[in-house]
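**Q** Shown below is the structure under consideration.
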Amino acid sequence: MNHHQHWRLERDDDGLVWLSLDKAGAAANALSAEVLDELGQVLDQLDLYPPKGLIVRSAKAAGFIAGADIEEFTRLDTPEKGRQLVARGWNLFNRLAAVPYPTLALIRGHCLGGGLELALACRYRVAVDEAGTRLGLPEVMLGIFPGWGGMKRLPELVGPQLALDLMLTGKTVDARKAKKLGLADLCVAPRVMDASARGLVLSGRAPGRATGLKALFNAWPFRNLVAAKARQQVAAKARPEHYPAPYAIIDIWARRGGNALLAPDLVDGIVASPTARNLVRVFFLQERLKGFGKDSDFKAQRVHVVGAGVMGGDVAAWCALRGMTVTLQDQNLDRIAPVLKRAAALFKRRLRDPRQARAAFDRLIPDPAGHGIPHADVVIEAIFEDVAAKQALFRTIEPRLKAGAVLATNTSSLRLEDLRPVLRQPERLVGIHFFNPVAMMPLVEVVAAENADATALAKACAFVRQIDKLPLPVKSAPGFLVNAVLAPYMLEAMRCVDEGLAPETIDEAMLAFGMPMGPIELADTVGLDIAMAAGKQLAGGAEPPRCLLHRVDQGQLGKKTGQGFYGWAEGRPRKAAAGKPPAGLASRLVRPLIDRAGRLVAETVVADAELADAGVIFGTGFAPFTGGPLNYQKNAG
Amino acid sequence: MSFTPIYVVDGARTPFLKARSGPGPFAAADLAVQAGRSLLLRQAFLPTDLDEVIVGCAGPSPDEINIGRVVALRLGCGQKVPGWTVMRNCASGMQALDSAIANIQCGRSQLVLAGGVDALSRAPLLYSDAMVLWFAALMQARTAGEKARHFLKLKPSALLSPVIGLLKGLTDPVVGLSMGQTAENLAWRFGIGRGEMDEFSARSHQRAVAGRQAGAFGEIVPLVDGDGKVYAEDDGVRPDSSAAGLAKLKPVFDKPYGNITAGNSSQVSDGAAWLILASAAAVDQWRLEPLGKIVDSQWAGLDPAQMGLGPVHAATPILQRQGLGLNDPDLWEINEAFAAQVMGCLRAWNDAGYCREQLESQPWGRLDENKLNVDGGAVAIGHPVGASGARIVLHLLHALRARQKRRGIASICIGGGQGGAMLVETL
């Protein structure tokens, strides 16, 4: 009965068939064309000898099914191929949904995209209550839509509002939430998952579906109200010319019953759009960054951070959140205490479970005396930017370090080569450069000074992955990659202010370009004194913009002082209405950023154009649908 | 019987936070974790290298019943390090030390984290027996109608008069006296006047303030709560305390003409205190530099109605065994449950009749009060019941070292009629 490459069939004594996906040659399951074809063959076979019930599960430790095979998206060079891809899953899952015997998806670990669409085509779903279990339809993040039945079945199951929320944001839910939302019929511990699957698939219970108001909103004419509301909400976040997919999802649900094949023009448009191609590229760039952590099996358990300022404190809290024991050093406890307050809020927000939040709080240990250094696997210096102070600190730290410990600086503006001469082993110093706010920014630059120890760099990358950030190896050069490209971009924006443009108009131009935040607001957020210092270091001797000089002289340093280019209240800028940006403004502003990125590749500060694009996207939020600055330039011709 | 000395490697405690209105900012385990993690951080070994964790706690909360294990896990000692909890009322922390000593002496353990904790501000309110019976009957009701009728039988007076767990704990269940009343007994028996008690108490505050100024409380690890608020010092110590001021307070136990007031009693507090105890082999293995060693210990029982004299009964056998006079130790710590109770101990040692009848010895004379509780006691610092026994042993070692002295006795009275004492030496 078993001659498949990817699927394993076992018929048990009760007449149940347990169908396990174990995609050949892969660590995680993905629904490639081959895997789907084989599933079709399995269903053929089961038609001949129908089982009492079918339970679909994963044979991988890595989770249920991660989604479609994203590699295949890169080969959709004609509209026909796009339509074929949609039809393949749509038809197969409709067939699965129509089989006469009861079906159940036993979901343990991630169940995303096509994986969840397969599960939705089953009559029942059992979600295993474990940390790794996540269910969602994140297609929109790749610029595409859940075309294999997700747009039809998810609204039918949980109601359209919730379904659209999941499909339009791409967010995922854990097993408990899935049960609460009606997405899963049961949420069970691993110890009873098999018994639960067996019991439920044979139970004869009616399949779950949206009822009451939720059902009503699925029906005409209320459906149109929901769709209009959703379009409004999407419009507040993503412009259709940048991100067509969320609009297509709403339309296909509201007008085509979730069947993308009835809207071939939309399918063609999405498949042909550069957005989807670029977002898929960004996905692979992210995978490439993740790969940098794999060169070392280093695993940090204890981290010591010196400097309880905004960066040091947030880095310490983040490491504790990610399971490490963290000691945080500063001159006295009063400097450390505010970090504990921020950390407690972070743990509560991110971990939800009060026991886990408490454990993280227990792991973050104030350490004014630096007792944590001898036990630490990673020591990160994050004190103020002063060469002498950092050198003095390194002198005291180095003799106390455990053998093999990583010694890192979070400096953004000083040369590692200037900091390390005081060390007995200068080559061991690496840069681990975080971005503010640490909890939000995925990128961390791992900085190699001249002749840096390759093992130490590999360990630093592994550590960055361990705390679930994306490591980008860069060479020691002023501003590394991210700050080096941002500085000329912000300065150019300020020159426009000097020329008489309103900050609001400048910011609007870049928001329209697709940036998450305009350059003037960004300058206010990082602090105008910092922008000034960075400008001096990075502008190659050019005069600073007058508007910047003026504000710094006045002590108007931006968000932190409540006044910069904007007035700030409750952490938000007060902006007047933006004027219509003059033609070509966005191109003018983004030009210095692109040029600088190109130069940094030429100077090998960052290894290649792909990594430069990845760094700028994950380090600055640079319009992801463009695929990054250098990709944008290439495509713009 | 020979006593193998056990090394005190290091120790730390939280500030003692006076219970004011409502639950304090930290649960008992939070207190123990914050002091413990800083203490363990500065050791040459890792938390996972400990052989066991022993915590004395008189009133663990229902979700931390075996608080010793809870704390061991939260401190990162790992799953393999056992953790347990001991209870001997006010001497629970000292009992934890003694249990550690016993296990090290018999070779079961080499390196033990032991101490005590209580968060008295979080002592529970309990349902009265009447309410418990009402709930039990509710469970028996089967139909909605029966249940509804049962609610008509609910007496608001029963609902609104909970049993205060803390008062239960501070009342002797055998003789029915509150701890304060046992102190009134001693005041009556030895003729200790209200003025003397208040003077003793004011002096406790003055010594604690002077100690703080002199940096005598290096054993304190400040606490930080989730709002970023720092608790750096014992917050019940009053620099403005005076006998005249204390004289204005009303008696709380034998109203209205008794002598024991809130001001001449120990404070109800939240706090934790830890010591790391080690065998000679562990000291060698980890190249530790101990604070000192514990060279003898003793428990004793006496009339529960006179429980405050426990230190006399526990410390005297040590003096006898070691061939010491009352003033031979360089310093003494006698836990100040009540001013009258410590003063009663001193009177008893100096009382020929008491010594003859109770100790079968000659009178021991007058203990030099300049050697006693030199940096203040529980009247000023506070008495988080389970922590105090560990605190006085730890502080005694620090106080001896600060004065370059060698030998001291720490002793504590125990509700229910017991006493505990330990003889320590610096190295």
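To be explicit about the labels: the chains of the structure tokens are called A, B, and onward in the order shown, and within each one the residues are counted from 1, while ligands get numbers from 1 in the order they are shown.
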What are the residues of chain A that have an atom within 12 Å of an atom of chain B, counting only C-alpha atoms, as a ChimeraX atom specification?
**A** /A:301-302,304,323-328,332-348,355-376,400,402
**Q** Might you pull out every residue within 7 Å of stretch 272-274 of chain B, with only C-alpha atoms counted and same-chain residues fewer than 6 positions away left off, and present them as a list in words?
**A**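 After dropping sequence-adjacent residues, the list is Gly11, Ala12, Arg13, Thr14, Leu31, Ala32, Gly36, Leu113, Ala114, Gly115, Gly116, Val117, Asp118, Ala387, Ala390 and Arg391 of chain B.
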**Q** Emit the selected residues as an mmCIF file, in the first residue's frame, including N, CA and C atoms.
**A**
```
data_model
loop_
_atom_site.group_PDB
_atom_site.id
_atom_site.type_symbol
_atom_site.label_atom_id
_atom_site.label_comp_id
_atom_site.auth_asym_id
_atom_site.auth_seq_id
_atom_site.Cartn_x
_atom_site.Cartn_y
_atom_site.Cartn_z
ATOM 1 N N GLY B 11 26.351 35.006 52.036
ATOM 2 C CA GLY B 11 24.934 35.118 52.353
ATOM 3 C C GLY B 11 24.395 36.438 51.853
ATOM 4 N N ALA B 12 23.098 36.525 51.756
ATOM 5 C CA ALA B 12 22.469 37.766 51.309
ATOM 6 C C ALA B 12 21.022 37.752 51.774
ATOM 7 N N ARG B 13 20.490 38.925 51.926
ATOM 8 C CA ARG B 13 19.066 38.991 52.247
ATOM 9 C C ARG B 13 18.429 40.163 51.526
ATOM 10 N N THR B 14 17.105 40.144 51.462
ATOM 11 C CA THR B 14 16.373 41.290 50.933
ATOM 12 C C THR B 14 16.286 42.333 52.036
ATOM 13 N N LEU B 31 10.723 37.280 46.709
ATOM 14 C CA LEU B 31 11.746 37.782 47.629
ATOM 15 C C LEU B 31 12.950 36.847 47.643
ATOM 16 N N ALA B 32 12.660 35.562 47.783
ATOM 17 C CA ALA B 32 13.748 34.581 47.869
ATOM 18 C C ALA B 32 14.539 34.534 46.566
ATOM 19 N N GLY B 36 18.371 35.507 46.234
ATOM 20 C CA GLY B 36 19.146 34.311 45.912
ATOM 21 C C GLY B 36 19.909 34.426 44.607
ATOM 22 N N LEU B 113 22.260 25.710 49.521
ATOM 23 C CA LEU B 113 21.672 27.047 49.675
ATOM 24 C C LEU B 113 20.532 26.901 50.679
ATOM 25 N N ALA B 114 20.658 27.616 51.813
ATOM 26 C CA ALA B 114 19.644 27.470 52.858
ATOM 27 C C ALA B 114 19.297 28.844 53.403
ATOM 28 N N GLY B 115 18.058 28.990 53.800
ATOM 29 C CA GLY B 115 17.659 30.283 54.350
ATOM 30 C C GLY B 115 16.191 30.268 54.679
ATOM 31 N N GLY B 116 15.625 31.461 54.765
ATOM 32 C CA GLY B 116 14.221 31.517 55.138
ATOM 33 C C GLY B 116 13.535 32.699 54.504
ATOM 34 N N VAL B 117 12.234 32.609 54.439
ATOM 35 C CA VAL B 117 11.457 33.668 53.807
ATOM 36 C C VAL B 117 10.045 33.654 54.360
ATOM 37 N N ASP B 118 9.445 34.811 54.420
ATOM 38 C CA ASP B 118 8.005 34.913 54.625
ATOM 39 C C ASP B 118 7.546 36.245 54.067
ATOM 40 N N ALA B 387 12.392 34.184 57.831
ATOM 41 C CA ALA B 387 13.699 34.694 57.423
ATOM 42 C C ALA B 387 14.599 35.028 58.606
ATOM 43 N N ALA B 390 17.715 32.943 59.849
ATOM 44 C CA ALA B 390 18.851 32.988 58.922
ATOM 45 C C ALA B 390 19.497 34.368 58.955
ATOM 46 N N ARG B 391 18.662 35.404 59.071
ATOM 47 C CA ARG B 391 19.217 36.762 59.091
ATOM 48 C C ARG B 391 20.187 36.957 60.252
#
```
**Q** What is the atom CA of B:Val312 to atom CA of B:Ile260 distance in Å?
**A** 20.7 Å
**Q** How many Å lie between atom CA of A:Leu142 and atom CA of A:Gly170, rounded to one decimal?
**A**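 Computing the Euclidean distance for atom CA of A:Leu142 and atom CA of A:Gly170 yields 9.5 Å.
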**Q** Which neighbours of stretch 183-198 of chain A fall inside 7 Å, counting only C-alpha atoms, when residues of the same chain fewer than 5 positions from it are skipped, and could you give them as a list in words?
**A** Leu106, Tyr124, Arg125, Val126, Ala127, Val128, Asp129, Leu157, Val158, Ala175, Arg176 and Ala178 of chain A
**Q** What parts of stretch 18-139 of chain B does DSSP call helix (DSSP H, G or I)? I'd like the answer as a PyMOL selection string.
**A** chain B and resi 28-41+47-49+62-64+67-74+92-105+120-122+129-139
**Q** Do a neighbour search on stretch 333-339 of chain B at 8 Å with only C-alpha atoms, toss out local chain neighbours closer than 5 positions, and write the hits as a VMD selection string.
**A** chain B and resid 180 183 197 to 198 200 to 201 260 264 to 266 308 311 372 to 374 377 to 379 383 388 to 389 392 to 393 396 408 to 413
**Q** Would you mind exporting the chosen residues as an mmCIF file, in the first residue's frame, restricted to C-alpha atoms?
**A**
```cif
data_model
loop_
_atom_site.group_PDB
_atom_site.id
_atom_site.type_symbol
_atom_site.label_atom_id
_atom_site.label_comp_id
_atom_site.auth_asym_id
_atom_site.auth_seq_id
_atom_site.Cartn_x
_atom_site.Cartn_y
_atom_site.Cartn_z
ATOM 1 C CA GLY B 180 2.225 39.159 72.585
ATOM 2 C CA ALA B 183 5.665 38.405 76.211
ATOM 3 C CA MET B 197 10.828 48.174 76.978
ATOM 4 C CA ASP B 198 10.346 51.389 75.072
ATOM 5 C CA PHE B 200 15.175 49.097 74.543
ATOM 6 C CA SER B 201 13.083 49.520 71.393
ATOM 7 C CA ILE B 260 3.305 45.306 74.920
ATOM 8 C CA ASN B 264 8.065 47.553 71.435
ATOM 9 C CA SER B 265 7.292 44.443 69.390
ATOM 10 C CA SER B 266 8.977 43.217 66.242
ATOM 11 C CA GLY B 308 10.205 34.096 74.698
ATOM 12 C CA PRO B 311 17.128 31.557 73.673
ATOM 13 C CA LEU B 372 23.905 42.292 72.034
ATOM 14 C CA ASN B 373 22.152 43.109 68.747
ATOM 15 C CA VAL B 374 24.822 45.678 67.989
ATOM 16 C CA GLY B 377 17.114 43.893 65.929
ATOM 17 C CA ALA B 378 13.710 42.861 64.721
ATOM 18 C CA VAL B 379 11.956 45.666 66.616
ATOM 19 C CA HIS B 383 10.587 40.000 61.587
ATOM 20 C CA SER B 388 14.779 35.956 60.864
ATOM 21 C CA GLY B 389 16.687 32.876 62.037
ATOM 22 C CA ILE B 392 20.668 36.814 62.599
ATOM 23 C CA VAL B 393 23.249 34.119 61.806
ATOM 24 C CA LEU B 396 26.275 38.040 63.295
ATOM 25 C CA GLY B 408 29.266 34.873 68.492
ATOM 26 C CA ILE B 409 25.951 33.248 69.316
ATOM 27 C CA ALA B 410 22.716 33.806 67.414
ATOM 28 C CA SER B 411 19.559 32.673 69.114
ATOM 29 C CA ILE B 412 15.858 32.910 68.526
ATOM 30 C CA CYS B 413 12.646 32.250 70.437
#
```
**Q** Name the residues in contact with A:His3 at a cut-off of 12 Å, using only C-alpha atoms, excluding same-chain residues fewer than 3 positions from it; report them as a PyMOL selection string.
**A** chain A and resi 6-10+38+41-42+45
**Q** Since we have the selection now, will you write its residues out, keeping C-alpha atoms, as a CSV table (one decimal), in the first residue's frame?
**A**
```
chain,number,residue,atom,x,y,z
A,6,HIS,CA,6.4,11.8,0.2
A,7,TRP,CA,3.3,10.3,1.9
A,8,ARG,CA,3.1,7.3,4.2
A,9,LEU,CA,-0.1,5.4,4.6
A,10,GLU,CA,-0.9,3.2,7.5
A,38,GLU,CA,1.0,12.2,-4.9
A,41,GLN,CA,-2.9,9.5,-6.1
A,42,VAL,CA,-3.4,8.7,-2.4
A,45,GLN,CA,-6.3,4.7,-3.9
```
**Q** Please provide as an NGL selection string all residues within 10 Å of A:Lys294, with the sequence filter that same-chain residues fewer than 3 positions apart are discarded (counting only C-alpha atoms).
**A** :A and (289-291 or 297-298 or 458-459 or 461-462 or 465)
**Q** With C-alpha atoms retained, export the selected residues as a PDB file, in the first residue's frame.
**A**
```pdb
ATOM      1  CA  LEU A 289      20.440  35.816   6.619  1.00  0.00           C
ATOM      2  CA  LYS A 290      19.189  33.021   8.866  1.00  0.00           C
ATOM      3  CA  GLY A 291      21.786  30.767   7.290  1.00  0.00           C
ATOM      4  CA  ASP A 297      27.032  25.236  17.076  1.00  0.00           C
ATOM      5  CA  PHE A 298      27.667  27.872  19.728  1.00  0.00           C
ATOM      6  CA  ALA A 458      30.483  32.772  13.574  1.00  0.00           C
ATOM      7  CA  LYS A 459      29.558  32.547  17.249  1.00  0.00           C
ATOM      8  CA  CYS A 461      25.962  35.168  14.190  1.00  0.00           C
ATOM      9  CA  ALA A 462      24.773  32.008  15.951  1.00  0.00           C
ATOM     10  CA  ARG A 465      19.942  33.661  15.504  1.00  0.00           C
TER      11      ARG A 465
END
```
